[in-house]
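The next block is work23.cif, given as mmCIF, C-alpha atoms.
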data_protein
loop_
_atom_site.group_PDB
_atom_site.id
_atom_site.type_symbol
_atom_site.label_atom_id
_atom_site.label_comp_id
_atom_site.auth_asym_id
_atom_site.auth_seq_id
_atom_site.Cartn_x
_atom_site.Cartn_y
_atom_site.Cartn_z
ATOM 1 C CA MET A 196 -220.430 248.819 103.690
ATOM 2 C CA VAL A 197 -221.855 250.842 100.829
ATOM 3 C CA PRO A 198 -221.885 254.608 101.457
ATOM 4 C CA VAL A 199 -225.281 256.283 101.407
ATOM 5 C CA GLY A 200 -224.456 258.321 98.297
ATOM 6 C CA ALA A 201 -223.481 255.259 96.288
ATOM 7 C CA ALA A 202 -226.553 253.358 97.482
ATOM 8 C CA VAL A 203 -228.824 256.266 96.554
ATOM 9 C CA LEU A 204 -227.179 256.542 93.138
ATOM 10 C CA ALA A 205 -227.627 252.792 92.583
ATOM 11 C CA VAL A 206 -231.304 252.978 93.586
ATOM 12 C CA ILE A 207 -231.844 255.958 91.269
ATOM 13 C CA LEU A 208 -230.187 254.088 88.403
ATOM 14 C CA LEU A 209 -232.352 251.014 89.028
ATOM 15 C CA ALA A 210 -235.520 253.126 89.257
ATOM 16 C CA LEU A 211 -234.711 254.976 86.037
ATOM 17 C CA ALA A 212 -233.900 251.725 84.265
ATOM 18 C CA SER A 213 -237.210 250.187 85.299
ATOM 19 C CA VAL A 214 -239.271 253.256 84.333
ATOM 20 C CA PHE A 215 -237.536 253.687 80.980
ATOM 21 C CA GLY A 216 -237.700 249.952 80.325
ATOM 22 C CA TYR A 217 -241.443 249.904 80.928
ATOM 23 C CA ARG A 218 -241.938 252.948 78.689
ATOM 24 C CA GLN A 219 -240.131 251.116 75.902
ATOM 25 C CA VAL A 220 -242.575 248.218 76.244
ATOM 26 C CA VAL A 221 -245.323 250.752 75.483
ATOM 27 C CA VAL A 222 -243.335 252.105 72.518
ATOM 28 C CA TRP A 223 -242.758 248.557 71.234
ATOM 29 C CA ARG A 224 -246.475 247.830 71.375
ATOM 30 C CA ARG A 225 -247.249 251.097 69.604
ATOM 31 C CA SER A 226 -244.762 250.190 66.876
ATOM 32 C CA ARG A 227 -246.871 247.132 66.074
ATOM 33 C CA SER A 228 -250.048 249.129 65.383
ATOM 34 C CA ALA A 229 -251.471 249.087 61.874
ATOM 35 C CA ASP A 230 -251.839 252.867 61.570
ATOM 36 C CA THR A 231 -248.062 253.414 61.740
ATOM 37 C CA ASP A 232 -246.115 253.314 58.468
ATOM 38 C CA GLU A 233 -243.173 250.935 58.073
ATOM 39 C CA ALA A 234 -240.460 253.608 58.444
ATOM 40 C CA ASP A 235 -241.951 254.807 61.728
ATOM 41 C CA ARG A 236 -242.387 251.225 62.966
ATOM 42 C CA SER A 237 -238.748 250.522 62.222
ATOM 43 C CA TYR A 238 -237.657 253.723 63.971
ATOM 44 C CA LEU A 239 -239.753 252.939 67.065
ATOM 45 C CA ARG A 240 -238.490 249.353 67.280
ATOM 46 C CA ARG A 241 -234.861 250.410 66.976
ATOM 47 C CA GLN A 242 -235.447 253.174 69.531
ATOM 48 C CA ALA A 243 -236.917 250.679 71.986
ATOM 49 C CA VAL A 244 -233.976 248.298 71.526
ATOM 50 C CA ARG A 245 -231.441 251.117 71.981
ATOM 51 C CA ARG A 246 -233.151 252.249 75.147
ATOM 52 C CA TRP A 247 -233.479 248.711 76.529
ATOM 53 C CA VAL A 248 -229.732 248.319 76.052
ATOM 54 C CA GLY A 249 -229.303 251.623 77.906
ATOM 55 C CA CYS A 250 -231.518 250.330 80.722
ATOM 56 C CA ALA A 251 -229.448 247.159 80.939
ATOM 57 C CA LEU A 252 -226.272 249.245 81.100
ATOM 58 C CA MET A 253 -227.773 251.335 83.924
ATOM 59 C CA VAL A 254 -228.532 248.141 85.875
ATOM 60 C CA VAL A 255 -224.963 246.930 85.277
ATOM 61 C CA LEU A 256 -223.602 250.313 86.373
ATOM 62 C CA ALA A 257 -225.696 250.209 89.562
ATOM 63 C CA GLY A 258 -224.323 246.737 90.326
ATOM 64 C CA LEU A 259 -220.768 247.844 89.623
ATOM 65 C CA LEU A 260 -221.127 250.843 91.939
ATOM 66 C CA VAL A 261 -222.473 248.701 94.764
ATOM 67 C CA GLY A 262 -219.724 246.142 94.125
ATOM 68 C CA LEU A 263 -217.081 248.842 94.165
ATOM 69 C CA PHE A 264 -217.833 249.531 97.817
ATOM 70 C CA SER A 265 -219.156 246.201 99.068
ATOM 71 C CA LEU A 266 -216.107 244.315 97.766
ATOM 72 C CA GLY A 267 -213.852 246.768 99.586
ATOM 73 C CA ILE A 268 -212.125 247.954 96.422
ATOM 74 C CA VAL A 269 -212.384 251.650 97.311
ATOM 75 C CA GLU A 270 -211.081 251.166 100.841
ATOM 76 C CA ARG A 271 -208.115 249.085 99.768
ATOM 77 C CA LEU A 272 -207.232 251.461 96.922
ATOM 78 C CA ASP A 273 -207.471 254.314 99.404
ATOM 79 C CA ARG A 274 -205.091 252.519 101.805
ATOM 80 C CA LEU A 275 -202.576 252.000 98.982
ATOM 81 C CA ARG A 276 -202.865 255.685 98.064
ATOM 82 C CA GLU A 277 -202.264 256.684 101.688
ATOM 83 C CA VAL A 278 -199.077 254.579 101.838
ATOM 84 C CA VAL A 279 -197.750 256.375 98.771
ATOM 85 C CA LEU A 280 -198.762 259.814 100.067
ATOM 86 C CA GLU A 281 -197.183 259.212 103.505
ATOM 87 C CA ALA A 282 -193.925 258.138 101.890
ATOM 88 C CA ARG A 283 -193.898 261.242 99.698
ATOM 89 C CA ARG A 284 -194.708 263.564 102.613
ATOM 90 C CA ALA A 285 -191.898 262.059 104.683
ATOM 91 C CA GLY A 286 -189.516 262.432 101.752
ATOM 92 C CA ARG A 287 -188.944 258.686 101.590
ATOM 93 C CA GLU A 288 -188.945 256.511 98.548
ATOM 94 C CA VAL A 289 -192.294 254.849 97.881
ATOM 95 C CA PRO A 290 -192.041 251.245 99.079
ATOM 96 C CA PRO A 291 -192.502 248.647 96.363
ATOM 97 C CA LEU A 292 -195.823 246.822 96.352
ATOM 98 C CA ASP A 293 -195.852 243.163 97.211
ATOM 99 C CA GLU A 294 -197.353 240.661 94.752
ATOM 100 C CA ALA A 295 -200.814 240.649 96.380
ATOM 101 C CA ASP A 296 -201.045 244.445 96.311
ATOM 102 C CA GLN A 297 -199.915 244.534 92.674
ATOM 103 C CA ARG A 298 -202.581 241.986 91.714
ATOM 104 C CA PHE A 299 -205.196 243.906 93.651
ATOM 105 C CA LEU A 300 -204.133 247.207 92.079
ATOM 106 C CA ARG A 301 -204.484 245.689 88.607
ATOM 107 C CA LEU A 302 -207.872 244.239 89.554
ATOM 108 C CA GLY A 303 -209.071 247.518 91.081
ATOM 109 C CA LEU A 304 -207.977 249.564 88.097
ATOM 110 C CA ALA A 305 -209.573 247.056 85.720
ATOM 111 C CA TYR A 306 -212.806 247.297 87.738
ATOM 112 C CA LEU A 307 -212.719 251.085 87.493
ATOM 113 C CA GLY A 308 -211.976 250.760 83.776
ATOM 114 C CA ILE A 309 -215.086 248.628 83.344
ATOM 115 C CA ILE A 310 -217.158 251.302 85.106
ATOM 116 C CA VAL A 311 -215.719 253.945 82.777
ATOM 117 C CA ALA A 312 -216.444 251.717 79.747
ATOM 118 C CA VAL A 313 -220.077 251.251 80.832
ATOM 119 C CA VAL A 314 -220.521 254.999 81.309
ATOM 120 C CA LEU A 315 -218.907 255.619 77.906
ATOM 121 C CA ALA A 316 -221.236 253.041 76.322
ATOM 122 C CA LEU A 317 -224.194 254.891 77.856
ATOM 123 C CA PHE A 318 -222.969 258.156 76.343
ATOM 124 C CA VAL A 319 -222.546 256.498 72.942
ATOM 125 C CA LEU A 320 -226.104 255.155 73.159
ATOM 126 C CA VAL A 321 -227.400 258.619 74.034
ATOM 127 C CA TRP A 322 -225.545 260.066 71.052
ATOM 128 C CA LEU A 323 -226.954 257.379 68.740
ATOM 129 C CA ASP A 324 -230.457 258.009 70.067
ATOM 130 C CA LEU A 325 -230.119 261.758 69.520
ATOM 131 C CA ALA A 326 -228.850 261.171 65.982
ATOM 132 C CA ALA A 327 -231.813 258.876 65.289
ATOM 133 C CA ILE A 328 -234.257 261.443 66.697
ATOM 134 C CA ARG A 329 -232.710 264.110 64.481
ATOM 135 C CA SER A 330 -232.969 261.910 61.414
ATOM 136 C CA TYR A 331 -236.573 261.027 62.267
ATOM 137 C CA GLY A 332 -237.440 264.703 62.703
ATOM 138 C CA LEU A 333 -235.794 265.710 59.436
ATOM 139 C CA ARG A 334 -237.621 262.951 57.566
ATOM 140 C CA HIS A 335 -240.963 264.073 58.964
ATOM 141 C CA ARG A 336 -240.151 267.718 58.310
ATOM 142 C CA LYS A 337 -239.473 266.930 54.646
ATOM 143 C CA GLN A 338 -242.735 264.972 54.488
ATOM 144 C CA ILE A 339 -244.671 267.889 55.980
ATOM 145 C CA GLN A 340 -243.060 270.302 53.524
ATOM 146 C CA SER A 341 -243.883 267.970 50.637
ATOM 147 C CA ASP A 342 -247.489 267.614 51.801
ATOM 148 C CA ARG A 343 -247.811 271.384 52.190
ATOM 149 C CA ARG A 344 -246.358 271.971 48.724
ATOM 150 C CA ALA A 345 -248.792 269.461 47.192
ATOM 151 C CA MET A 346 -251.734 271.074 49.027
ATOM 152 C CA LEU A 347 -250.742 274.550 47.812
ATOM 153 C CA GLU A 348 -250.389 273.274 44.238
ATOM 154 C CA ARG A 349 -253.880 271.727 44.423
ATOM 155 C CA GLU A 350 -255.339 274.928 45.847
ATOM 156 C CA LEU A 351 -253.562 277.005 43.195
ATOM 157 C CA ALA A 352 -254.879 274.757 40.424
ATOM 158 C CA ALA A 353 -258.426 275.003 41.835
ATOM 159 C CA TRP A 354 -258.107 278.793 42.148
ATOM 160 C CA ARG A 355 -256.901 279.050 38.531
ATOM 161 C CA ARG A 356 -259.812 276.925 37.353
ATOM 162 C CA GLN A 357 -262.156 279.205 39.288
ATOM 163 C CA GLN A 358 -260.555 282.329 37.775
ATOM 164 C CA ASP A 359 -260.776 280.844 34.264
ATOM 165 C CA GLY A 360 -264.488 280.102 34.875
ATOM 166 C CA LEU A 361 -265.122 283.701 35.907
ATOM 167 C CA ARG A 362 -263.390 285.082 32.768
ATOM 168 C CA ASN A 363 -265.466 282.979 30.383
#
Could you quickly redo this structure as structure tokens?
Amino acid sequence: MVPVGAAVLAVILLALASVFGYRQVVVWRRSRSADTDEADRSYLRRQAVRRWVGCALMVVLAGLLVGLFSLGIVERLDRLREVVLEARRAGREVPPLDEADQRFLRLGLAYLGIIVAVVLALFVLVWLDLAAIRSYGLRHRKQIQSDRRAMLERELAAWRRQQDGLRN
């Protein structure tokens, strides 16, 4: 049986994935509008793809968490840990694992490794998204500065023309 905490976490992950996935559909549609320049369209499309991959990873993570408990992996790993701890407490040597327990231990650790890899992939995606947002912001900041500089130069030229007209 899946513990309540794991079930709640899985439901939260699925809800977040569906909300974020839907929001990326809106972003994708906006990226196709004619009033958006090509650089912004490209940024928005790549952002949507990155976030859809993140949503897919959240769905996978939710499934892995449910599987971790419903397949009995946690309980069996806990029983193996208890055997080792009891032997250590009693001062005995830890009994060797039979072939089935060794296979299960490898499988359980591989399963946990996959969960860690999915979480790591999510963190990498977040980092890539933050780097893209930073780059996007810097590009727009430079554009705003360039536009402001051009506006000031036009205003200065008009002011100089006006001052030259007053002197003559």
Inset, instruction - Can you work out the spacing between CA of Leu302 (chain A) and CA of Leu252 (chain A) in Å, to one decimal? - result: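 Between these atoms lies a distance of 20.9 Å.
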Legend entry - Ground truth for the PyMOL selection byres ((chain A and resi 274-283) around 12), written as a PyMOL selection string: chain A and resi 267-273+284-293+295-297+299-300+303
Inset, instruction - Run through the PyMOL selection byres ((chain A and resi 310) around 12) on the given coordinates and return the selected residues as a VMD selection string. - result: chain A and resid 252 to 263 303 to 309 311 to 317
Would you save the residues from that selection as a PDB file, in the frame of the given file, using C-alpha atoms?
ATOM      1  CA  LEU A 252    -226.272 249.245  81.100  1.00  0.00           C
ATOM      2  CA  MET A 253    -227.773 251.335  83.924  1.00  0.00           C
ATOM      3  CA  VAL A 254    -228.532 248.141  85.875  1.00  0.00           C
ATOM      4  CA  VAL A 255    -224.963 246.930  85.277  1.00  0.00           C
ATOM      5  CA  LEU A 256    -223.602 250.313  86.373  1.00  0.00           C
ATOM      6  CA  ALA A 257    -225.696 250.209  89.562  1.00  0.00           C
ATOM      7  CA  GLY A 258    -224.323 246.737  90.326  1.00  0.00           C
ATOM      8  CA  LEU A 259    -220.768 247.844  89.623  1.00  0.00           C
ATOM      9  CA  LEU A 260    -221.127 250.843  91.939  1.00  0.00           C
ATOM     10  CA  VAL A 261    -222.473 248.701  94.764  1.00  0.00           C
ATOM     11  CA  GLY A 262    -219.724 246.142  94.125  1.00  0.00           C
ATOM     12  CA  LEU A 263    -217.081 248.842  94.165  1.00  0.00           C
ATOM     13  CA  GLY A 303    -209.071 247.518  91.081  1.00  0.00           C
ATOM     14  CA  LEU A 304    -207.977 249.564  88.097  1.00  0.00           C
ATOM     15  CA  ALA A 305    -209.573 247.056  85.720  1.00  0.00           C
ATOM     16  CA  TYR A 306    -212.806 247.297  87.738  1.00  0.00           C
ATOM     17  CA  LEU A 307    -212.719 251.085  87.493  1.00  0.00           C
ATOM     18  CA  GLY A 308    -211.976 250.760  83.776  1.00  0.00           C
ATOM     19  CA  ILE A 309    -215.086 248.628  83.344  1.00  0.00           C
ATOM     20  CA  VAL A 311    -215.719 253.945  82.777  1.00  0.00           C
ATOM     21  CA  ALA A 312    -216.444 251.717  79.747  1.00  0.00           C
ATOM     22  CA  VAL A 313    -220.077 251.251  80.832  1.00  0.00           C
ATOM     23  CA  VAL A 314    -220.521 254.999  81.309  1.00  0.00           C
ATOM     24  CA  LEU A 315    -218.907 255.619  77.906  1.00  0.00           C
ATOM     25  CA  ALA A 316    -221.236 253.041  76.322  1.00  0.00           C
ATOM     26  CA  LEU A 317    -224.194 254.891  77.856  1.00  0.00           C
TER      27      LEU A 317
END
Legend entry - Given the PyMOL selection byres ((chain A and resi 215-228) around 12), the residues it picks as a PyMOL selection string: chain A and resi 207-214+229-254
Legend entry - Interatomic distance, CA of Ser265 (chain A) to CA of Arg298 (chain A) (Å, one decimal):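 Separating CA of Ser265 (chain A) from CA of Arg298 (chain A) is a distance of 18.6 Å.
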Inset, instruction - Using CA of Leu320 (chain A) and CA of Val203 (chain A) as the two end points, give the distance in Å to one decimal. - result: 23.6 Å
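Restricting the calculation to only C-alpha atoms, the smallest distance between Phe264 (chain A) and any of A:Leu333, A:Leu204, A:Val197, A:Leu323 is found for A:Val197.
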If I wrap all listed atoms of region 242-259 of chain A in a box with edges along x, y and z and add 3 Å on each side, what are its centre and edge lengths in Å to one decimal, as JSON?
{"center_x": -228.8, "center_y": 250.0, "center_z": 79.9, "size_x": 22.1, "size_y": 12.4, "size_z": 26.8}
Write a file for region 277-307 of chain A of the given structure; include N, CA and C atoms and format it as a tab-separated table (two decimals), in the first residue's frame.
chain	number	residue	atom	x	y	z
A	277	GLU	N	16.90	-4.07	8.52
A	277	GLU	CA	16.66	-4.53	9.89
A	277	GLU	C	17.49	-5.77	10.22
A	278	VAL	N	17.63	-6.67	9.27
A	278	VAL	CA	18.45	-7.88	9.48
A	278	VAL	C	19.89	-7.46	9.78
A	279	VAL	N	20.40	-6.52	9.01
A	279	VAL	CA	21.78	-6.06	9.21
A	279	VAL	C	21.91	-5.36	10.55
A	280	LEU	N	20.95	-4.49	10.88
A	280	LEU	CA	21.02	-3.76	12.15
A	280	LEU	C	20.91	-4.70	13.35
A	281	GLU	N	20.04	-5.70	13.29
A	281	GLU	CA	19.92	-6.65	14.40
A	281	GLU	C	21.22	-7.43	14.61
A	282	ALA	N	21.84	-7.82	13.51
A	282	ALA	CA	23.11	-8.55	13.62
A	282	ALA	C	24.18	-7.67	14.25
A	283	ARG	N	24.22	-6.42	13.87
A	283	ARG	CA	25.22	-5.50	14.42
A	283	ARG	C	24.95	-5.22	15.90
A	284	ARG	N	23.69	-5.04	16.26
A	284	ARG	CA	23.34	-4.80	17.67
A	284	ARG	C	23.71	-5.99	18.54
A	285	ALA	N	23.51	-7.19	18.02
A	285	ALA	CA	23.80	-8.40	18.79
A	285	ALA	C	25.30	-8.72	18.77
A	286	GLY	N	26.06	-7.97	18.00
A	286	GLY	CA	27.49	-8.22	17.93
A	286	GLY	C	27.84	-9.41	17.04
A	287	ARG	N	26.89	-9.86	16.26
A	287	ARG	CA	27.14	-10.98	15.36
A	287	ARG	C	27.61	-10.45	14.00
A	288	GLU	N	28.14	-11.38	13.25
A	288	GLU	CA	28.52	-11.05	11.88
A	288	GLU	C	27.25	-10.99	11.04
A	289	VAL	N	27.22	-10.04	10.11
A	289	VAL	CA	26.05	-9.89	9.25
A	289	VAL	C	25.95	-11.12	8.35
A	290	PRO	N	24.78	-11.78	8.36
A	290	PRO	CA	24.64	-12.99	7.55
A	290	PRO	C	24.71	-12.64	6.06
A	291	PRO	N	25.31	-13.51	5.28
A	291	PRO	CA	25.38	-13.22	3.84
A	291	PRO	C	23.98	-13.31	3.21
A	292	LEU	N	23.77	-12.49	2.20
A	292	LEU	CA	22.48	-12.48	1.52
A	292	LEU	C	22.40	-13.66	0.56
A	293	ASP	N	21.22	-14.25	0.46
A	293	ASP	CA	21.06	-15.30	-0.53
A	293	ASP	C	20.93	-14.65	-1.92
A	294	GLU	N	20.89	-15.47	-2.94
A	294	GLU	CA	20.88	-14.97	-4.32
A	294	GLU	C	19.67	-14.09	-4.61
A	295	ALA	N	18.50	-14.47	-4.12
A	295	ALA	CA	17.28	-13.68	-4.36
A	295	ALA	C	17.38	-12.30	-3.71
A	296	ASP	N	17.89	-12.27	-2.48
A	296	ASP	CA	18.04	-10.98	-1.80
A	296	ASP	C	19.08	-10.11	-2.49
A	297	GLN	N	20.16	-10.70	-2.98
A	297	GLN	CA	21.17	-9.93	-3.71
A	297	GLN	C	20.58	-9.33	-4.98
A	298	ARG	N	19.82	-10.14	-5.72
A	298	ARG	CA	19.18	-9.63	-6.94
A	298	ARG	C	18.21	-8.51	-6.61
A	299	PHE	N	17.42	-8.72	-5.55
A	299	PHE	CA	16.47	-7.69	-5.16
A	299	PHE	C	17.18	-6.41	-4.71
A	300	LEU	N	18.27	-6.55	-3.96
A	300	LEU	CA	19.02	-5.39	-3.50
A	300	LEU	C	19.55	-4.60	-4.69
A	301	ARG	N	20.09	-5.31	-5.69
A	301	ARG	CA	20.56	-4.62	-6.90
A	301	ARG	C	19.41	-3.92	-7.61
A	302	LEU	N	18.27	-4.62	-7.72
A	302	LEU	CA	17.10	-4.03	-8.36
A	302	LEU	C	16.59	-2.80	-7.59
A	303	GLY	N	16.50	-2.94	-6.27
A	303	GLY	CA	16.02	-1.82	-5.45
A	303	GLY	C	16.94	-0.62	-5.52
A	304	LEU	N	18.23	-0.85	-5.47
A	304	LEU	CA	19.18	0.26	-5.57
A	304	LEU	C	19.16	0.88	-6.96
A	305	ALA	N	18.99	0.06	-7.99
A	305	ALA	CA	18.87	0.60	-9.34
A	305	ALA	C	17.61	1.46	-9.46
A	306	TYR	N	16.51	0.99	-8.87
A	306	TYR	CA	15.26	1.75	-8.89
A	306	TYR	C	15.44	3.10	-8.20
A	307	LEU	N	16.08	3.09	-7.05
A	307	LEU	CA	16.37	4.34	-6.34
A	307	LEU	C	17.31	5.23	-7.16
